[in-house]
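As provided, my_file_13.txt (compact mmCIF, C-alpha atoms) reads as follows.
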```
# COMPACT_ATOMS: atom_id res chain seq x y z
CA MET A 163 76.59 149.69 8.21
CA LYS A 164 75.05 152.56 10.17
CA ILE A 165 71.59 152.15 11.70
CA LEU A 166 69.41 154.79 13.33
CA PHE A 167 67.33 153.09 16.01
CA TYR A 168 63.98 154.86 16.54
CA GLY A 169 61.72 154.65 19.58
CA THR A 170 64.40 153.35 21.91
CA ALA A 171 63.38 152.05 25.32
CA SER A 172 65.93 151.00 27.94
CA TYR A 173 65.29 147.31 27.27
CA ASP A 174 65.83 147.82 23.52
CA LYS A 175 69.20 149.42 24.06
CA ASP A 176 70.25 146.76 26.57
CA SER A 177 69.28 143.80 24.38
CA PHE A 178 70.80 145.17 21.17
CA THR A 179 73.98 146.39 22.85
CA LYS A 180 74.46 142.94 24.35
CA GLU A 181 74.40 141.35 20.87
CA LEU A 182 76.38 144.04 19.03
CA LYS A 183 79.72 142.60 20.12
CA ASP A 184 79.14 139.85 17.55
CA TYR A 185 78.49 142.38 14.77
CA PRO A 186 81.58 144.63 14.67
CA GLU A 187 80.69 145.97 11.23
CA ILE A 188 77.42 147.48 12.50
CA LYS A 189 77.06 150.78 14.35
CA ILE A 190 73.77 151.78 15.97
CA ASP A 191 72.73 155.20 17.22
CA PHE A 192 69.80 154.97 19.62
CA ILE A 193 67.21 157.77 19.86
CA GLU A 194 64.00 157.89 21.88
CA THR A 195 61.90 159.68 19.27
CA ASN A 196 59.68 157.49 17.12
CA LEU A 197 59.78 157.16 13.34
CA THR A 198 57.30 159.56 11.72
CA PRO A 199 57.32 161.87 8.69
CA MET A 200 58.56 164.63 11.02
CA THR A 201 61.54 162.60 12.28
CA ALA A 202 62.49 160.65 9.16
CA ALA A 203 65.01 163.34 8.14
CA LEU A 204 67.12 162.41 11.19
CA ALA A 205 68.17 159.33 9.19
CA ARG A 206 70.28 161.37 6.78
CA GLY A 207 73.62 159.60 6.42
CA TYR A 208 72.38 156.23 7.71
CA ASP A 209 72.15 152.99 5.72
CA ALA A 210 69.15 151.66 7.64
CA VAL A 211 66.55 152.54 10.23
CA CYS A 212 65.13 150.27 12.91
CA ALA A 213 61.52 150.78 14.02
CA PHE A 214 58.83 149.05 16.03
CA VAL A 215 55.15 148.25 15.59
CA ASN A 216 54.06 151.74 16.73
CA ALA A 217 56.09 153.60 14.09
CA ASP A 218 54.59 155.57 11.20
CA ALA A 219 56.28 154.12 8.14
CA GLY A 220 53.70 155.46 5.73
CA ALA A 221 54.28 156.84 2.25
CA MET A 222 55.66 160.22 3.31
CA THR A 223 58.07 158.71 5.84
CA LEU A 224 59.36 156.19 3.31
CA GLU A 225 59.83 158.83 0.61
CA ILE A 226 61.91 160.94 2.99
CA LEU A 227 64.01 157.96 4.05
CA ALA A 228 64.67 156.93 0.46
CA GLY A 229 65.50 160.51 -0.46
CA PHE A 230 68.24 160.54 2.18
CA GLY A 231 69.74 157.28 0.94
CA VAL A 232 68.32 154.84 3.48
CA LYS A 233 68.23 151.38 1.91
CA LEU A 234 66.72 149.20 4.62
CA VAL A 235 63.83 149.43 7.11
CA LEU A 236 64.32 146.94 9.93
CA MET A 237 61.06 146.25 11.76
CA ARG A 238 61.98 144.72 15.12
CA CYS A 239 58.60 143.00 15.38
CA ALA A 240 56.61 140.38 13.51
CA GLY A 241 53.86 142.69 12.29
CA PHE A 242 54.44 145.24 9.56
CA ASP A 243 51.06 146.99 9.49
CA ALA A 244 52.90 150.29 10.06
CA VAL A 245 54.71 150.02 6.72
CA ASN A 246 53.22 151.09 3.39
CA VAL A 247 54.64 148.09 1.56
CA PRO A 248 53.64 149.06 -2.03
CA VAL A 249 55.33 152.44 -1.61
CA ALA A 250 58.45 150.79 -0.16
CA GLU A 251 58.59 148.49 -3.18
CA ASP A 252 58.22 151.40 -5.60
CA LEU A 253 61.03 153.26 -3.84
CA GLY A 254 63.33 150.23 -3.88
CA LEU A 255 63.47 150.06 -0.08
CA LYS A 256 64.10 146.68 1.49
CA VAL A 257 61.84 145.98 4.49
CA THR A 258 62.43 143.13 6.93
CA ARG A 259 60.75 141.93 10.11
CA VAL A 260 61.30 139.38 12.88
CA PRO A 261 58.98 136.54 11.87
CA ALA A 262 59.02 134.63 15.17
CA TYR A 263 60.85 135.68 18.30
CA SER A 264 59.28 133.62 21.05
CA PRO A 265 56.03 131.86 20.27
CA GLU A 266 56.04 130.30 23.73
CA ALA A 267 56.33 133.71 25.44
CA ILE A 268 53.16 134.96 23.75
CA ALA A 269 51.30 131.69 24.29
CA GLU A 270 52.23 131.66 27.97
CA HIS A 271 51.02 135.26 28.34
CA ALA A 272 47.74 134.35 26.64
CA MET A 273 47.15 131.56 29.13
CA GLY A 274 48.18 133.90 31.95
CA LEU A 275 45.54 136.42 30.86
CA ALA A 276 42.93 133.67 30.61
CA LEU A 277 43.70 132.41 34.10
CA CYS A 278 43.84 135.88 35.63
CA ALA A 279 40.55 137.02 34.11
CA ASN A 280 38.76 133.74 34.71
CA ARG A 281 39.83 133.33 38.35
CA ARG A 282 39.75 137.11 39.08
CA ILE A 283 43.33 136.90 40.33
CA HIS A 284 43.86 140.64 39.79
CA LYS A 285 40.86 141.43 41.97
CA GLY A 286 41.86 138.94 44.65
CA TYR A 287 45.35 140.44 44.82
CA ILE A 288 43.98 143.95 45.32
CA ARG A 289 41.62 142.73 48.06
CA VAL A 290 44.36 140.98 50.02
CA ARG A 291 46.56 144.09 49.80
CA GLU A 292 43.76 145.96 51.54
CA ASN A 293 43.20 143.21 54.13
CA ASP A 294 39.92 142.20 52.49
CA PHE A 295 39.80 138.40 52.49
CA ASN A 296 36.23 138.03 51.18
CA LEU A 297 35.76 135.71 48.16
CA GLU A 298 32.44 137.13 46.94
CA GLY A 299 32.52 137.75 43.17
CA LEU A 300 35.77 135.88 42.56
CA VAL A 301 34.42 132.48 41.45
CA GLY A 302 35.85 131.15 38.18
CA GLU A 303 35.75 128.05 36.00
CA THR A 304 38.00 124.97 36.14
CA LEU A 305 39.76 124.62 32.76
CA HIS A 306 40.52 120.90 33.09
CA GLY A 307 38.07 118.95 30.95
CA LYS A 308 36.88 122.05 29.09
CA THR A 309 37.34 122.87 25.38
CA ALA A 310 39.83 125.42 24.06
CA GLY A 311 39.31 126.97 20.62
CA ILE A 312 42.49 128.34 19.05
CA VAL A 313 41.96 130.63 16.07
CA GLY A 314 45.18 130.48 14.07
CA THR A 315 47.51 127.55 14.71
CA GLY A 316 50.84 128.92 13.54
CA ARG A 317 53.81 128.88 15.91
CA ILE A 318 52.09 130.90 18.63
CA GLY A 319 48.74 129.18 18.33
CA ALA A 320 50.42 125.77 18.30
CA ALA A 321 52.36 126.66 21.46
CA LEU A 322 49.09 127.57 23.19
CA CYS A 323 47.51 124.32 21.98
CA ARG A 324 50.28 122.44 23.81
CA ILE A 325 49.69 124.48 26.97
CA CYS A 326 45.96 123.80 26.83
CA LYS A 327 46.64 120.08 26.41
CA GLY A 328 48.80 120.27 29.53
CA PHE A 329 45.79 121.66 31.39
CA GLY A 330 43.78 118.60 30.35
CA MET A 331 41.65 120.48 27.83
CA LYS A 332 40.22 119.35 24.51
CA VAL A 333 41.67 121.53 21.75
CA LEU A 334 39.87 122.70 18.63
CA GLY A 335 41.79 124.52 15.91
CA SER A 336 40.57 126.81 13.18
CA ASP A 337 42.96 127.89 10.44
CA LEU A 338 42.86 128.62 6.72
CA TYR A 339 45.82 126.24 6.44
CA PRO A 340 45.33 123.46 9.03
CA ASN A 341 48.48 121.83 10.39
CA GLN A 342 47.83 118.10 10.13
CA LYS A 343 50.97 117.33 12.15
CA LEU A 344 49.35 118.95 15.21
CA VAL A 345 46.46 116.51 14.82
CA ASP A 346 48.77 113.55 14.23
CA ASP A 347 50.77 114.45 17.35
CA GLY A 348 47.62 114.73 19.46
CA ILE A 349 48.07 118.48 20.09
CA VAL A 350 44.89 119.49 18.25
CA ASP A 351 41.93 117.16 18.58
CA GLU A 352 40.28 118.40 15.41
CA TYR A 353 40.05 121.34 13.03
CA VAL A 354 36.65 123.01 12.68
CA ASP A 355 35.27 126.12 11.03
CA TYR A 356 34.90 129.38 12.96
CA ASP A 357 31.21 128.92 13.73
CA GLU A 358 31.70 125.48 15.23
CA LEU A 359 34.69 126.67 17.22
CA TYR A 360 32.63 129.54 18.65
CA ARG A 361 29.77 127.17 19.49
CA ARG A 362 31.83 124.49 21.25
CA SER A 363 34.67 126.34 22.98
CA ASP A 364 34.83 127.32 26.64
CA LEU A 365 38.01 129.32 26.00
CA ILE A 366 38.72 131.14 22.73
CA SER A 367 42.13 132.64 21.93
CA LEU A 368 42.97 134.64 18.79
CA HIS A 369 46.26 134.15 16.92
CA ALA A 370 45.15 134.93 13.37
CA PHE A 371 46.67 137.33 10.85
CA LEU A 372 44.99 140.71 10.45
CA ASN A 373 43.82 141.54 6.93
CA GLU A 374 40.69 142.89 5.31
CA GLN A 375 38.99 139.51 5.60
CA SER A 376 39.79 139.00 9.28
CA ARG A 377 39.23 142.58 10.50
CA HIS A 378 36.49 142.56 13.16
CA MET A 379 35.98 138.84 12.74
CA ILE A 380 34.88 138.99 16.37
CA ASN A 381 31.71 141.06 16.23
CA ASP A 382 28.13 140.96 17.48
CA GLU A 383 27.25 138.07 15.19
CA SER A 384 30.24 135.88 16.06
CA ILE A 385 29.92 136.63 19.78
CA SER A 386 26.25 135.60 19.68
CA LYS A 387 27.37 132.14 18.50
CA MET A 388 29.67 131.62 21.50
CA LYS A 389 28.82 129.76 24.69
CA ASP A 390 27.43 131.82 27.53
CA GLY A 391 30.29 132.78 29.87
CA VAL A 392 33.09 131.99 27.39
CA ILE A 393 36.64 133.00 28.33
CA PHE A 394 37.98 135.22 25.52
CA VAL A 395 41.65 136.11 24.92
CA ASN A 396 43.31 138.29 22.29
CA THR A 397 47.10 138.52 22.09
CA GLY A 398 47.06 138.62 18.28
CA ARG A 399 45.94 141.85 16.63
CA GLY A 400 43.59 144.45 18.03
CA GLY A 401 41.77 144.87 14.73
CA LEU A 402 40.49 141.30 14.86
CA VAL A 403 37.91 142.41 17.42
CA ASP A 404 35.15 145.02 17.27
CA THR A 405 35.71 146.52 20.72
CA GLN A 406 32.18 147.86 21.13
CA ALA A 407 30.77 144.44 20.28
CA LEU A 408 33.13 142.93 22.84
CA ILE A 409 31.88 145.35 25.49
CA ARG A 410 28.29 144.45 24.65
CA GLY A 411 29.21 140.77 24.95
CA ILE A 412 30.73 141.34 28.39
CA LEU A 413 27.72 143.34 29.59
CA SER A 414 25.30 140.66 28.39
CA GLY A 415 27.24 137.88 30.12
CA LYS A 416 27.98 136.11 26.86
CA ILE A 417 31.68 136.70 27.55
CA GLY A 418 32.39 135.60 31.10
CA ALA A 419 36.02 136.71 31.20
CA ALA A 420 38.34 138.56 28.80
CA GLY A 421 42.11 138.89 28.67
CA LEU A 422 43.42 141.46 26.19
CA ASP A 423 46.96 142.40 25.24
CA VAL A 424 45.80 144.28 22.13
CA TYR A 425 42.70 146.22 21.14
CA ASP A 426 41.53 148.05 18.04
CA GLU A 427 41.85 151.63 19.35
CA GLU A 428 45.32 151.22 20.86
CA GLY A 429 47.26 153.31 18.33
CA PRO A 430 47.97 156.46 20.40
CA ASN A 431 48.68 154.46 23.55
CA VAL A 432 51.18 151.80 22.49
CA TYR A 433 54.18 152.01 24.86
CA GLN A 434 53.27 155.55 25.91
CA ASN A 435 52.94 156.77 29.50
CA ARG A 436 49.68 158.74 29.53
CA SER A 437 49.07 158.44 33.26
CA GLY A 438 49.06 162.23 33.71
CA GLU A 439 46.36 162.78 31.09
CA ILE A 440 42.58 162.69 31.28
CA VAL A 441 41.76 160.19 28.55
CA ASP A 442 38.30 159.15 27.39
CA SER A 443 39.16 155.69 26.13
CA VAL A 444 37.81 152.19 25.77
CA THR A 445 40.52 150.97 28.14
CA SER A 446 38.92 152.74 31.09
CA ARG A 447 35.58 151.16 30.18
CA LEU A 448 37.06 147.68 29.80
CA CYS A 449 39.15 147.92 32.96
CA SER A 450 36.06 148.86 34.94
CA PHE A 451 34.77 145.31 34.48
CA PRO A 452 35.88 142.88 37.20
CA ASN A 453 36.21 140.04 34.69
CA VAL A 454 38.58 141.84 32.27
CA VAL A 455 42.39 141.94 32.42
CA MET A 456 44.37 144.17 30.06
CA THR A 457 48.07 144.53 29.27
CA SER A 458 49.70 146.66 26.58
CA HIS A 459 51.58 144.61 23.98
CA GLN A 460 53.35 142.82 26.79
CA ALA A 461 52.88 139.25 25.57
CA PHE A 462 56.23 139.05 23.76
CA PHE A 463 58.17 140.72 26.57
CA THR A 464 60.72 138.19 27.85
CA LYS A 465 64.52 138.25 27.92
CA GLU A 466 64.61 135.41 25.42
CA ALA A 467 62.33 137.20 22.98
CA LEU A 468 64.29 140.46 23.19
CA GLY A 469 67.50 138.59 22.47
CA GLU A 470 66.01 136.87 19.44
CA ILE A 471 64.63 140.17 18.12
CA ALA A 472 68.08 141.73 18.37
CA ARG A 473 69.86 138.82 16.68
CA VAL A 474 67.44 138.50 13.74
CA THR A 475 67.42 142.27 13.18
CA LEU A 476 71.21 142.47 13.23
CA ASP A 477 71.52 139.40 10.99
CA ASN A 478 69.34 141.16 8.41
CA ALA A 479 71.41 144.34 8.65
CA ARG A 480 74.56 142.28 8.08
CA ALA A 481 72.91 140.54 5.12
CA LEU A 482 72.31 143.87 3.37
CA ALA A 483 75.84 145.03 4.08
CA ASN A 484 77.42 141.80 2.80
CA GLY A 485 74.98 141.03 0.00
CA THR A 486 74.03 137.70 1.57
CA ASP A 487 70.65 136.07 2.24
CA PHE A 488 68.26 137.59 4.74
CA VAL A 489 66.84 135.55 7.60
CA ASP A 490 64.26 133.05 6.41
CA ARG A 491 60.67 134.44 6.25
CA SER A 492 61.82 137.88 7.39
CA VAL A 493 61.67 139.77 4.08
CA VAL A 494 58.53 141.89 3.66
CA CYS A 495 59.61 143.40 0.36
```
Would it be possible to restate this file's structure as structure tokens?
Amino acid sequence: MKILFYGTASYDKDSFTKELKDYPEIKIDFIETNLTPMTAALARGYDAVCAFVNADAGAMTLEILAGFGVKLVLMRCAGFDAVNVPVAEDLGLKVTRVPAYSPEAIAEHAMGLALCANRRIHKGYIRVRENDFNLEGLVGETLHGKTAGIVGTGRIGAALCRICKGFGMKVLGSDLYPNQKLVDDGIVDEYVDYDELYRRSDLISLHAFLNEQSRHMINDESISKMKDGVIFVNTGRGGLVDTQALIRGILSGKIGAAGLDVYDEEGPNVYQNRSGEIVDSVTSRLCSFPNVVMTSHQAFFTKEALGEIARVTLDNARALANGTDFVDRSVVC
């Protein structure tokens, strides 16, 4: 089994190389270039390609891959928005993903963003570095005794519910498929609809799937239903939030603090170093606000998560080679 690994970063190579000793039948060639229609031809002679969330696995890319005999597209991430799934099915390409690689890592990052934005930790750090010990403008809210609203209570959302309980918060959940066990175990106090969650929550964190129904579910109307000064966090999908509406909510004071690991317009920026460019972007606008903290798809980024990503991806490659079952819940098509 030969795999061409696109978009390689140093941490990708390190984590996969560490696990490869347990997969002697698999050979990986690592390249830095990303998967696009222009680079798909590099996969000639390979059985599979491995790509990340910022790849372009659209129709043209998939047709080129299939034409060169590639049988498997290994997405080393949970999301597969980058893949044109109907075209992959028509071409007979198998597509897999990593369904869950560290729910706790993402949940912990979400709480970290909430704390940093709420308590202005990023601003306080910069002040102390410059010998400015003034506290003006750094006041935040105590989370103990407040209400957390978790939109989407799958593995990641459930992990954040547990963290919020540890902070002494009341936890509201909103999910198309409520998890009664979380209620029975005292992790979620109650499930409510979106409007009630917006109305009652002091902290709102998004962990929902992105589809046509959920795109821009956070907009001017939904923000208007939230408490004044709400703490808002998104480590889910950028497309869940209308960024311009979010900016208006911050300017009006409706949103008192925001922690973002994803945003709708992030496409050209994901994992790219654009520090030498002059970029007119929403990130510069958002980062100009003292109550906003932004990271770039960093929520998953722990040693444990990287190891799990490597193992699940390699297990799926082995499954294709041996004709055995793929990892549970990892098959896209």
> Nearest to Cys323 in chain A among A:Ala272, A:Ala228, A:Val290, A:Ala219, with distances taken over only C-alpha atoms: which residue is it?
Replying inline: A:Ala272
> Taking all atoms listed in the file into account, which of A:Pro340, A:Gly348, A:Gly314, A:Gly328 comes nearest Leu402 in chain A?
Replying inline: A:Gly314
Could you make a table, as CSV, of the residues of range 220-334 of chain A that have an atom within 12 Å of an atom of range 486-489 of chain A, each with its nearest atom pair and distance in Å to one decimal, counting only C-alpha atoms, in chain and number order?
```
residue,atom,partner,partner_atom,distance
A:Leu234,CA,A:Phe488,CA,11.7
A:Leu236,CA,A:Phe488,CA,11.4
A:Lys256,CA,A:Phe488,CA,10.5
A:Val257,CA,A:Phe488,CA,10.6
A:Thr258,CA,A:Phe488,CA,8.3
A:Arg259,CA,A:Val489,CA,9.2
A:Val260,CA,A:Val489,CA,8.6
A:Pro261,CA,A:Val489,CA,9.0
A:Ala262,CA,A:Val489,CA,10.9
```
If I wrap all listed atoms of range 272-280 of chain A in a box with edges along x, y and z and add 3 Å on each side, what are its centre and edge lengths in Å to one decimal, as lines of an AutoDock Vina configuration file?
```
center_x = 43.5
center_y = 134.3
center_z = 31.1
size_x = 15.4
size_y = 11.5
size_z = 15.0
```
> Nearest to Asp184 in chain A among A:Arg491, A:Arg473, A:Glu292, A:Val211, with distances taken over all atoms listed in the file: which residue is it?
Replying inline: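 Residue with the minimum atom-to-atom distance to Asp184 in chain A: A:Arg473.
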